[in-house]
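Enquirer: As input, take query.cif (mmCIF, C-alpha atoms):
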data_protein
loop_
_atom_site.group_PDB
_atom_site.id
_atom_site.type_symbol
_atom_site.label_atom_id
_atom_site.label_comp_id
_atom_site.auth_asym_id
_atom_site.auth_seq_id
_atom_site.Cartn_x
_atom_site.Cartn_y
_atom_site.Cartn_z
ATOM 1 C CA MET M 1 -20.854 -16.988 14.488
ATOM 2 C CA LEU M 2 -20.970 -13.697 12.543
ATOM 3 C CA ASP M 3 -17.213 -13.647 12.707
ATOM 4 C CA TRP M 4 -17.141 -17.095 11.168
ATOM 5 C CA LEU M 5 -19.544 -16.088 8.390
ATOM 6 C CA HIS M 6 -17.312 -13.116 7.683
ATOM 7 C CA MET M 7 -14.513 -15.555 6.672
ATOM 8 C CA GLY M 8 -11.782 -13.056 7.437
ATOM 9 C CA GLY M 9 -13.168 -10.610 4.885
ATOM 10 C CA TYR M 10 -13.641 -13.242 2.166
ATOM 11 C CA GLY M 11 -17.209 -14.181 3.129
ATOM 12 C CA PHE M 12 -18.690 -12.911 -0.130
ATOM 13 C CA TYR M 13 -16.391 -15.088 -2.258
ATOM 14 C CA VAL M 14 -16.580 -18.190 -0.092
ATOM 15 C CA TRP M 15 -20.369 -18.126 0.309
ATOM 16 C CA SER M 16 -20.993 -17.233 -3.346
ATOM 17 C CA SER M 17 -19.092 -20.399 -4.243
ATOM 18 C CA TYR M 18 -20.792 -22.698 -1.732
ATOM 19 C CA GLY M 19 -24.178 -21.075 -2.347
ATOM 20 C CA MET M 20 -24.012 -21.715 -6.079
ATOM 21 C CA LEU M 21 -23.108 -25.368 -5.491
ATOM 22 C CA ALA M 22 -26.079 -25.740 -3.127
ATOM 23 C CA LEU M 23 -28.352 -24.083 -5.685
ATOM 24 C CA ALA M 24 -27.031 -26.268 -8.528
ATOM 25 C CA ILE M 25 -27.621 -29.439 -6.498
ATOM 26 C CA ALA M 26 -31.131 -28.293 -5.537
ATOM 27 C CA ILE M 27 -31.956 -27.595 -9.192
ATOM 28 C CA GLU M 28 -30.544 -30.937 -10.307
ATOM 29 C CA LEU M 29 -32.492 -32.929 -7.699
ATOM 30 C CA GLN M 30 -35.683 -31.097 -8.682
ATOM 31 C CA ALA M 31 -34.968 -31.829 -12.371
ATOM 32 C CA LEU M 32 -34.464 -35.519 -11.537
ATOM 33 C CA ARG M 33 -37.856 -35.694 -9.863
ATOM 34 C CA ARG M 34 -39.540 -33.933 -12.796
ATOM 35 C CA HIS M 35 -37.789 -36.227 -15.281
ATOM 36 C CA ARG M 36 -39.003 -39.342 -13.472
ATOM 37 C CA ARG M 37 -42.577 -38.068 -13.245
ATOM 38 C CA ALA M 38 -42.628 -37.187 -16.974
ATOM 39 C CA ALA M 39 -41.099 -40.535 -17.967
ATOM 40 C CA ARG M 40 -43.608 -42.515 -15.890
ATOM 41 C CA ARG M 41 -46.548 -40.502 -17.190
ATOM 42 C CA ARG M 42 -45.441 -41.074 -20.794
ATOM 43 C CA ALA M 43 -44.994 -44.816 -20.159
ATOM 44 C CA GLU M 44 -48.459 -44.954 -18.594
ATOM 45 C CA GLU M 45 -49.986 -43.302 -21.674
ATOM 46 C CA LEU M 46 -48.152 -45.691 -23.959
ATOM 47 C CA ARG M 47 -49.441 -48.694 -22.023
ATOM 48 C CA ALA M 48 -52.994 -47.340 -22.165
ATOM 49 C CA GLU M 49 -52.652 -46.987 -25.946
ATOM 50 C CA GLN M 50 -51.293 -50.510 -26.267
ATOM 51 C CA ALA M 51 -54.107 -51.882 -24.114
ATOM 52 C CA ALA M 52 -56.676 -50.056 -26.246
ATOM 53 C CA HIS M 53 -55.230 -51.641 -29.377
ATOM 54 C CA ALA M 54 -54.947 -55.079 -27.850
ATOM 55 C CA ALA M 55 -58.463 -55.195 -26.402
ATOM 56 C CA PRO M 56 -60.429 -55.916 -29.641
ATOM 57 C CA LEU M 57 -57.931 -58.662 -30.515
ATOM 58 C CA ARG M 58 -58.486 -60.426 -27.234
ATOM 59 C CA GLU M 59 -62.247 -60.329 -27.735
ATOM 60 C CA THR M 60 -62.074 -61.981 -31.162
ATOM 61 C CA ASN M 61 -59.801 -64.641 -29.726
ATOM 62 C CA GLY M 62 -62.627 -65.459 -27.371
ATOM 63 C CA MET C 63 -17.877 -67.975 -18.479
ATOM 64 C CA THR C 64 -16.273 -66.332 -15.494
ATOM 65 C CA THR C 65 -18.415 -64.832 -12.755
ATOM 66 C CA PHE C 66 -17.189 -61.400 -13.810
ATOM 67 C CA ALA C 67 -18.276 -61.837 -17.422
ATOM 68 C CA ARG C 68 -21.584 -63.281 -16.329
ATOM 69 C CA PHE C 69 -22.174 -60.228 -14.106
ATOM 70 C CA TRP C 70 -21.582 -57.914 -17.067
ATOM 71 C CA TYR C 71 -23.771 -59.877 -19.436
ATOM 72 C CA ARG C 72 -26.543 -59.934 -16.923
ATOM 73 C CA TYR C 73 -26.551 -56.255 -16.024
ATOM 74 C CA ALA C 74 -25.920 -54.986 -19.563
ATOM 75 C CA SER C 75 -29.647 -55.470 -20.083
ATOM 76 C CA PRO C 76 -31.811 -52.494 -19.049
ATOM 77 C CA ALA C 77 -34.426 -54.912 -17.696
ATOM 78 C CA SER C 78 -32.077 -56.365 -15.080
ATOM 79 C CA PHE C 79 -30.132 -53.157 -14.467
ATOM 80 C CA TYR C 80 -33.259 -51.129 -13.650
ATOM 81 C CA PRO C 81 -34.007 -52.802 -10.276
ATOM 82 C CA LEU C 82 -30.293 -53.042 -9.412
ATOM 83 C CA ALA C 83 -29.882 -49.278 -9.953
ATOM 84 C CA GLY C 84 -32.932 -48.685 -7.780
ATOM 85 C CA ARG C 85 -31.315 -50.609 -4.914
ATOM 86 C CA LEU C 86 -27.956 -48.819 -5.307
ATOM 87 C CA ILE C 87 -29.306 -45.225 -5.289
ATOM 88 C CA PRO C 88 -29.998 -45.003 -1.517
ATOM 89 C CA VAL C 89 -26.583 -46.524 -0.744
ATOM 90 C CA PHE C 90 -24.678 -43.939 -2.781
ATOM 91 C CA ALA C 91 -26.943 -41.064 -1.718
ATOM 92 C CA THR C 92 -26.390 -41.872 1.972
ATOM 93 C CA LEU C 93 -22.631 -42.135 1.443
ATOM 94 C CA ALA C 94 -22.644 -38.779 -0.373
ATOM 95 C CA VAL C 95 -24.430 -37.033 2.507
ATOM 96 C CA LEU C 96 -22.148 -38.540 5.171
ATOM 97 C CA LEU C 97 -18.943 -37.827 3.229
ATOM 98 C CA ALA C 98 -20.046 -34.262 2.453
ATOM 99 C CA ALA C 99 -20.875 -33.601 6.114
ATOM 100 C CA ALA C 100 -17.514 -34.993 7.248
ATOM 101 C CA GLY C 101 -15.623 -33.122 4.512
ATOM 102 C CA LEU C 102 -17.286 -29.785 5.270
ATOM 103 C CA TYR C 103 -16.647 -30.240 8.977
ATOM 104 C CA VAL C 104 -12.951 -30.945 8.424
ATOM 105 C CA GLY C 105 -12.687 -28.207 5.801
ATOM 106 C CA PHE C 106 -14.266 -25.461 7.874
ATOM 107 C CA PHE C 107 -13.597 -26.386 11.502
ATOM 108 C CA VAL C 108 -10.477 -28.550 11.585
ATOM 109 C CA ALA C 109 -8.276 -27.306 8.751
ATOM 110 C CA PRO C 110 -6.253 -24.180 9.550
ATOM 111 C CA THR C 111 -6.392 -20.823 7.780
ATOM 112 C CA ASP C 112 -3.996 -20.518 4.849
ATOM 113 C CA TRP C 113 -1.064 -18.248 5.741
ATOM 114 C CA GLN C 114 -1.099 -16.619 2.315
ATOM 115 C CA GLN C 115 -4.723 -16.597 1.151
ATOM 116 C CA GLY C 116 -6.530 -16.365 4.477
ATOM 117 C CA GLU C 117 -10.013 -17.907 4.518
ATOM 118 C CA ALA C 118 -10.501 -17.462 0.756
ATOM 119 C CA TYR C 119 -8.634 -20.727 0.179
ATOM 120 C CA ARG C 120 -11.611 -22.672 1.624
ATOM 121 C CA ILE C 121 -13.146 -22.527 -1.839
ATOM 122 C CA ILE C 122 -10.617 -25.247 -2.721
ATOM 123 C CA TYR C 123 -12.802 -27.858 -1.004
ATOM 124 C CA ILE C 124 -15.417 -27.611 -3.722
ATOM 125 C CA HIS C 125 -13.375 -26.132 -6.579
ATOM 126 C CA VAL C 126 -10.896 -28.993 -6.921
ATOM 127 C CA PRO C 127 -13.428 -31.848 -6.518
ATOM 128 C CA ALA C 128 -15.743 -30.106 -9.044
ATOM 129 C CA ALA C 129 -12.915 -29.683 -11.568
ATOM 130 C CA TRP C 130 -11.811 -33.307 -11.116
ATOM 131 C CA MET C 131 -15.374 -34.554 -11.501
ATOM 132 C CA ALA C 132 -15.966 -32.423 -14.607
ATOM 133 C CA MET C 133 -12.987 -34.084 -16.303
ATOM 134 C CA PHE C 134 -13.550 -37.565 -14.928
ATOM 135 C CA VAL C 135 -17.277 -37.686 -15.721
ATOM 136 C CA TYR C 136 -16.468 -36.656 -19.291
ATOM 137 C CA LEU C 137 -14.025 -39.558 -19.627
ATOM 138 C CA VAL C 138 -16.599 -41.994 -18.243
ATOM 139 C CA MET C 139 -19.187 -40.570 -20.657
ATOM 140 C CA ALA C 140 -16.728 -41.025 -23.552
ATOM 141 C CA PHE C 141 -16.028 -44.575 -22.355
ATOM 142 C CA TRP C 142 -19.716 -45.551 -22.360
ATOM 143 C CA SER C 143 -20.115 -43.861 -25.750
ATOM 144 C CA ALA C 144 -17.233 -45.938 -27.129
ATOM 145 C CA ILE C 145 -18.814 -49.135 -25.789
ATOM 146 C CA SER C 146 -22.154 -48.108 -27.262
ATOM 147 C CA LEU C 147 -20.639 -47.308 -30.676
ATOM 148 C CA SER C 148 -18.654 -50.552 -30.886
ATOM 149 C CA PHE C 149 -21.115 -53.049 -29.409
ATOM 150 C CA HIS C 150 -24.466 -51.307 -30.005
ATOM 151 C CA THR C 151 -25.490 -51.947 -26.420
ATOM 152 C CA ARG C 152 -28.487 -49.919 -25.314
ATOM 153 C CA LEU C 153 -27.621 -49.452 -21.670
ATOM 154 C CA SER C 154 -24.151 -47.983 -22.275
ATOM 155 C CA ALA C 155 -25.593 -45.187 -24.426
ATOM 156 C CA MET C 156 -28.174 -44.505 -21.715
ATOM 157 C CA MET C 157 -25.389 -44.302 -19.112
ATOM 158 C CA ALA C 158 -23.545 -41.733 -21.222
ATOM 159 C CA GLN C 159 -26.770 -39.768 -21.607
ATOM 160 C CA ALA C 160 -27.417 -39.907 -17.848
ATOM 161 C CA LEU C 161 -23.947 -38.569 -16.964
ATOM 162 C CA ALA C 162 -23.925 -35.494 -19.227
ATOM 163 C CA PRO C 163 -26.078 -33.077 -17.153
ATOM 164 C CA THR C 164 -24.174 -33.830 -13.941
ATOM 165 C CA GLY C 165 -20.842 -33.454 -15.750
ATOM 166 C CA ALA C 166 -22.014 -30.112 -17.079
ATOM 167 C CA MET C 167 -22.983 -29.095 -13.556
ATOM 168 C CA TRP C 168 -19.489 -29.916 -12.252
ATOM 169 C CA ALA C 169 -17.844 -28.001 -15.102
ATOM 170 C CA PHE C 170 -20.031 -24.996 -14.342
ATOM 171 C CA ILE C 171 -19.279 -25.200 -10.601
ATOM 172 C CA ALA C 172 -15.536 -25.496 -11.308
ATOM 173 C CA LEU C 173 -15.701 -22.310 -13.421
ATOM 174 C CA TRP C 174 -17.954 -20.455 -10.992
ATOM 175 C CA THR C 175 -15.975 -21.271 -7.854
ATOM 176 C CA GLY C 176 -12.773 -20.578 -9.801
ATOM 177 C CA ALA C 177 -14.074 -17.108 -10.638
ATOM 178 C CA PHE C 178 -14.934 -16.402 -7.002
ATOM 179 C CA TRP C 179 -11.546 -17.672 -5.933
ATOM 180 C CA GLY C 180 -9.686 -15.844 -8.694
ATOM 181 C CA ARG C 181 -11.152 -12.444 -7.811
ATOM 182 C CA PRO C 182 -9.619 -12.176 -4.306
ATOM 183 C CA THR C 183 -6.369 -13.991 -5.183
ATOM 184 C CA TRP C 184 -5.582 -12.941 -8.781
ATOM 185 C CA GLY C 185 -7.686 -9.773 -8.880
ATOM 186 C CA ALA C 186 -9.911 -10.994 -11.741
ATOM 187 C CA TYR C 187 -13.019 -13.159 -12.044
ATOM 188 C CA TRP C 188 -11.945 -14.350 -15.459
ATOM 189 C CA VAL C 189 -8.821 -14.433 -17.593
ATOM 190 C CA TRP C 190 -8.381 -16.133 -20.977
ATOM 191 C CA ASP C 191 -5.863 -18.516 -19.544
ATOM 192 C CA ALA C 192 -5.267 -22.010 -20.991
ATOM 193 C CA ARG C 193 -6.703 -23.856 -17.993
ATOM 194 C CA LEU C 194 -9.802 -21.667 -17.721
ATOM 195 C CA THR C 195 -10.483 -21.565 -21.446
ATOM 196 C CA SER C 196 -10.137 -25.341 -21.890
ATOM 197 C CA THR C 197 -12.495 -25.876 -18.939
ATOM 198 C CA LEU C 198 -15.006 -23.509 -20.552
ATOM 199 C CA ILE C 199 -14.723 -25.612 -23.727
ATOM 200 C CA LEU C 200 -15.448 -28.691 -21.599
ATOM 201 C CA LEU C 201 -18.679 -27.068 -20.397
ATOM 202 C CA PHE C 202 -19.608 -26.294 -24.020
ATOM 203 C CA LEU C 203 -18.843 -29.902 -25.021
ATOM 204 C CA TYR C 204 -21.277 -31.142 -22.359
ATOM 205 C CA LEU C 205 -23.936 -28.647 -23.468
ATOM 206 C CA GLY C 206 -23.289 -29.489 -27.139
ATOM 207 C CA TYR C 207 -23.634 -33.195 -26.373
ATOM 208 C CA MET C 208 -27.004 -32.645 -24.683
ATOM 209 C CA ALA C 209 -28.243 -30.274 -27.397
ATOM 210 C CA LEU C 210 -27.208 -32.650 -30.197
ATOM 211 C CA ARG C 211 -28.950 -35.555 -28.491
ATOM 212 C CA ALA C 212 -32.093 -33.505 -27.909
ATOM 213 C CA SER C 213 -32.187 -32.426 -31.559
ATOM 214 C CA ILE C 214 -32.377 -35.996 -32.947
ATOM 215 C CA ASP C 215 -35.716 -37.730 -32.508
ATOM 216 C CA ASP C 216 -34.599 -41.309 -33.137
ATOM 217 C CA PRO C 217 -32.829 -42.396 -29.917
ATOM 218 C CA ARG C 218 -30.517 -44.875 -31.689
ATOM 219 C CA ARG C 219 -29.317 -42.217 -34.138
ATOM 220 C CA ALA C 220 -28.964 -39.745 -31.262
ATOM 221 C CA ASP C 221 -26.778 -42.329 -29.470
ATOM 222 C CA ARG C 222 -24.429 -42.581 -32.446
ATOM 223 C CA ALA C 223 -24.141 -38.855 -33.193
ATOM 224 C CA ALA C 224 -23.776 -37.773 -29.555
ATOM 225 C CA GLY C 225 -21.448 -40.722 -28.867
ATOM 226 C CA LEU C 226 -19.121 -39.596 -31.625
ATOM 227 C CA LEU C 227 -19.113 -36.038 -30.269
ATOM 228 C CA ALA C 228 -18.313 -37.356 -26.778
ATOM 229 C CA LEU C 229 -15.380 -39.396 -28.130
ATOM 230 C CA VAL C 230 -13.878 -36.592 -30.209
ATOM 231 C CA GLY C 231 -14.297 -34.133 -27.331
ATOM 232 C CA ALA C 232 -12.373 -36.430 -24.960
ATOM 233 C CA ILE C 233 -9.148 -34.998 -26.446
ATOM 234 C CA ASN C 234 -9.932 -31.840 -24.477
ATOM 235 C CA VAL C 235 -9.551 -33.583 -21.104
ATOM 236 C CA PRO C 236 -5.756 -34.161 -21.261
ATOM 237 C CA ILE C 237 -5.454 -30.636 -22.667
ATOM 238 C CA ILE C 238 -7.142 -29.258 -19.527
ATOM 239 C CA TYR C 239 -5.121 -31.464 -17.232
ATOM 240 C CA PHE C 240 -1.719 -30.635 -18.713
ATOM 241 C CA SER C 241 -2.539 -27.023 -19.624
ATOM 242 C CA VAL C 242 -0.752 -25.755 -16.525
ATOM 243 C CA GLN C 243 2.451 -27.483 -17.676
ATOM 244 C CA TRP C 244 2.220 -26.876 -21.425
ATOM 245 C CA TRP C 245 1.434 -23.180 -21.283
ATOM 246 C CA ASN C 246 2.565 -20.403 -19.057
ATOM 247 C CA THR C 247 -0.666 -19.842 -17.168
ATOM 248 C CA LEU C 248 -1.930 -17.841 -14.252
ATOM 249 C CA HIS C 249 -3.532 -20.966 -12.817
ATOM 250 C CA GLN C 250 -1.365 -22.780 -10.323
ATOM 251 C CA GLY C 251 0.022 -26.238 -11.027
ATOM 252 C CA ALA C 252 -1.438 -29.456 -9.677
ATOM 253 C CA THR C 253 -1.796 -29.445 -5.899
ATOM 254 C CA ILE C 254 -2.027 -33.208 -5.741
ATOM 255 C CA SER C 255 0.188 -35.366 -7.901
ATOM 256 C CA MET C 256 0.762 -39.089 -8.102
ATOM 257 C CA THR C 257 4.524 -38.582 -8.090
ATOM 258 C CA ALA C 258 5.141 -35.970 -5.398
ATOM 259 C CA ALA C 259 4.102 -35.328 -1.821
ATOM 260 C CA PRO C 260 1.030 -33.048 -1.557
ATOM 261 C CA LYS C 261 1.822 -29.370 -1.182
ATOM 262 C CA MET C 262 -0.813 -28.755 1.470
ATOM 263 C CA ALA C 263 -1.530 -29.381 5.145
ATOM 264 C CA GLU C 264 -2.772 -32.865 5.958
ATOM 265 C CA THR C 265 -6.130 -31.726 7.349
ATOM 266 C CA MET C 266 -6.756 -29.582 4.257
ATOM 267 C CA LEU C 267 -6.020 -32.602 2.086
ATOM 268 C CA THR C 268 -8.318 -34.793 4.186
ATOM 269 C CA GLY C 269 -11.208 -32.347 3.803
ATOM 270 C CA MET C 270 -10.672 -32.094 0.070
ATOM 271 C CA LEU C 271 -10.499 -35.848 -0.429
ATOM 272 C CA LEU C 272 -13.641 -36.416 1.677
ATOM 273 C CA LEU C 273 -15.519 -33.908 -0.482
ATOM 274 C CA THR C 274 -14.104 -35.507 -3.627
ATOM 275 C CA PHE C 275 -15.539 -38.874 -2.571
ATOM 276 C CA ALA C 276 -18.809 -37.103 -1.703
ATOM 277 C CA ALA C 277 -18.889 -35.656 -5.238
ATOM 278 C CA TRP C 278 -18.197 -39.134 -6.645
ATOM 279 C CA THR C 279 -20.958 -40.862 -4.732
ATOM 280 C CA TYR C 280 -23.370 -37.997 -5.417
ATOM 281 C CA THR C 281 -22.664 -38.266 -9.143
ATOM 282 C CA ILE C 282 -23.184 -42.039 -9.094
ATOM 283 C CA ALA C 283 -26.492 -41.712 -7.214
ATOM 284 C CA VAL C 284 -27.767 -38.970 -9.527
ATOM 285 C CA ALA C 285 -26.652 -40.771 -12.699
ATOM 286 C CA LEU C 286 -28.360 -43.980 -11.573
ATOM 287 C CA HIS C 287 -31.549 -42.076 -10.809
ATOM 288 C CA ARG C 288 -31.449 -40.381 -14.204
ATOM 289 C CA VAL C 289 -30.647 -43.583 -16.095
ATOM 290 C CA ARG C 290 -33.734 -45.194 -14.574
ATOM 291 C CA SER C 291 -35.920 -42.400 -15.953
ATOM 292 C CA ILE C 292 -34.195 -42.767 -19.328
ATOM 293 C CA ILE C 293 -34.830 -46.534 -19.273
ATOM 294 C CA VAL C 294 -38.516 -45.891 -18.549
ATOM 295 C CA GLU C 295 -38.655 -43.401 -21.450
ATOM 296 C CA ARG C 296 -36.905 -45.619 -23.950
ATOM 297 C CA GLU C 297 -38.144 -49.052 -22.957
ATOM 298 C CA ALA C 298 -41.740 -48.146 -22.101
ATOM 299 C CA ALA C 299 -43.064 -50.044 -25.089
ATOM 300 C CA SER C 300 -41.253 -53.276 -24.218
ATOM 301 C CA GLY C 301 -42.871 -56.162 -22.409
ATOM 302 C CA TRP C 302 -40.697 -56.276 -19.313
ATOM 303 C CA MET C 303 -41.530 -52.673 -18.489
ATOM 304 C CA SER C 304 -45.296 -53.202 -18.510
ATOM 305 C CA ARG C 305 -44.872 -56.279 -16.293
ATOM 306 C CA LEU C 306 -42.774 -54.182 -13.927
ATOM 307 C CA ALA C 307 -45.416 -51.459 -13.792
ATOM 308 C CA SER C 308 -48.390 -53.740 -13.217
ATOM 309 C CA PRO C 309 -47.455 -56.542 -10.818
ATOM 310 C CA GLU C 310 -51.119 -57.501 -10.490
ATOM 311 C CA ARG C 311 -51.019 -58.872 -14.044
ATOM 312 C CA PRO C 312 -51.510 -62.638 -14.202
ATOM 313 C CA PRO C 313 -48.371 -64.784 -14.495
ATOM 314 C CA ALA C 314 -46.941 -65.440 -17.941
ATOM 315 C CA ALA C 315 -47.717 -68.671 -19.797
ATOM 316 C CA ASP C 316 -44.476 -70.317 -18.701
ATOM 317 C CA GLY C 317 -45.615 -70.048 -15.109
ATOM 318 C CA SER C 318 -42.944 -67.643 -13.912
ATOM 319 C CA ALA C 319 -44.123 -64.935 -11.551
ATOM 320 C CA PRO C 320 -44.482 -61.488 -13.130
ATOM 321 C CA SER C 321 -42.006 -59.997 -10.678
ATOM 322 C CA GLY C 322 -39.466 -62.577 -11.871
ATOM 323 C CA ALA C 323 -39.064 -60.627 -15.090
ATOM 324 C CA ALA C 324 -37.584 -57.727 -13.211
ATOM 325 C CA ALA C 325 -35.498 -59.733 -10.780
ATOM 326 C CA ARG C 326 -34.117 -62.215 -13.312
#
Is it possible to express this structure as structure tokens?

Expert:
Amino acid sequence: MLDWLHMGGYGFYVWSSYGMLALAIAIELQALRRHRRAARRRAEELRAEQAAHAAPLRETNG
Amino acid sequence: MTTFARFWYRYASPASFYPLAGRLIPVFATLAVLLAAAGLYVGFFVAPTDWQQGEAYRIIYIHVPAAWMAMFVYLVMAFWSAISLSFHTRLSAMMAQALAPTGAMWAFIALWTGAFWGRPTWGAYWVWDARLTSTLILLFLYLGYMALRASIDDPRRADRAAGLLALVGAINVPIIYFSVQWWNTLHQGATISMTAAPKMAETMLTGMLLLTFAAWTYTIAVALHRVRSIIVEREAASGWMSRLASPERPPAADGSAPSGAAAR
């Protein structure tokens, strides 16, 4: 196992490459989740605003 | 109208594309995981050690797919930008916007893995070689695209400005691709070509292609996920979005079910 990780002396280069890809993917997936949360929260706020504006209208319409 | 045209008309609307994208994400994500697992297995446990480069060559399995994706995603981004600029379709601009961060990630990974491959094989992490420099410019084009878009508040104006940048920058992609032929560079020529037999062992090629398809499906899944968030951001004020968010709302006056708006 250790021998395999050693990669014939090139372990540092091989694992630096694969490690950065893993890190980049982890960061991107986290960013996706954050983006979705922020977008949904903003949409929720917008709907609340719209509802607040629409409410008095509905009352006058009876 | 042909079925094909009808399909495009139907899904060009964010309202009908949103649920479709949601259904496609798990399909592409699952494929990406399976292909990556198979590709890594073949790459590390089946493919032999390179006689010249030893184990260092195993960086190829992510370096080449990342470099291909960086170029290809840029072309797709430029394509959607062109559609958006000529037909003023909303969804195509959103697709371009959704692809940029992932394209930038691939460009960065191509440069990073190239540096860590270059050090043991060429003796340098970086050289100002035509291939490397044009790939660095590609990364800057992606970052410039995202920065330009972020700096313009009106989304429609941001679409046009960023779309134009994406189109003009597309000229860089053939420059990267042919750089190894046009200039005398340190970077090796194409390993895989449409016109010649591959210059590598079959198992090595298999591993690389599996990981290329994994990178493809990953990019599709991520772009679809991101485009859904962008649709929510940009269409939040529209009627179909509020119906989608609150299914308990009473049916519309025409009697159609509220969920019908999303599925239509």

Enquirer: What are the residues of chain M that have an atom within 8 Å of an atom of chain C, counting all atoms listed in the file, as an MDAnalysis selection string?

Expert: chainID M and resid 7:11 13:14 16:18 20:21 24 28:29 32 35:36 39:40 42:43 46:47

Enquirer: To test the calculation: enclose all listed atoms of region 31-37 of chain M in a box whose edges run along x, y and z, add 5 Å on each side, then state centre and edge lengths in Å to one decimal, as AutoDock Vina command-line options.

Expert:
--center_x -38.5 --center_y -35.6 --center_z -12.6 --size_x 18.1 --size_y 17.5 --size_z 15.4

Enquirer: If we count all atoms listed in the file, what is near region 84-99 of chain C at a cut-off of 8 Å, once residues fewer than 2 positions away on the same chain are taken out, given as a list in words?

Expert: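 Contacts, in chain order: Tyr80, Pro81, Leu82, Gly101, Leu102, Tyr103, Leu272, Leu273, Phe275, Ala276, Ala277, Trp278, Thr279, Tyr280, Ile282, Ala283, Val284, Leu286, His287 and Arg290 of chain C.
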
Enquirer: When you draw a straight line from CA of Gly231 (chain C) to CA of Phe79 (chain C), how long is it in Å?

Expert: 27.9 Å

Enquirer: Can you tell me how far CA of Val242 (chain C) sits from CA of Leu267 (chain C), in Å to one decimal?

Expert: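 About the pair CA of Val242 (chain C) and CA of Leu267 (chain C): they are 20.5 Å apart.
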
Enquirer: Could you tell me how far CA of Ile25 (chain M) sits from CA of Thr265 (chain C), in Å to one decimal place?

Expert: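 Distance between the two atoms: 25.7 Å.
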
Enquirer: Set the distance at 9 Å and use all atoms listed in the file: which residues neighbour Leu248 (chain C) once local chain neighbours fewer than 4 positions away are removed? I'd like the list as a PyMOL selection string.

Expert: chain C and resi 184+189+191-193+242

Enquirer: Hey, which of C:Met266, C:Ile145, C:Ala223, C:Met139 ends up closest to Tyr204 (chain C)? Count only C-alpha atoms.

Expert: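 Closest to Tyr204 (chain C) of all the choices is C:Met139.
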
Enquirer: So, counting all atoms listed in the file, which residue among C:Leu137, C:Leu210, C:Ala100, C:Leu147 is closest to Met270 (chain C)?

Expert: C:Ala100

Enquirer: Which of these residues is nearest to Gly206 (chain C), using all atoms listed in the file: C:Ala83, C:Ala232, C:Ala162, C:Ile237?

Expert: C:Ala162

Enquirer: Would you write out, as a VMD selection string, every residue that the PyMOL selection byres ((chain C and resi 142) around 9) captures in this file?

Expert: chain C and resid 137 to 141 143 to 147 153 to 158 225
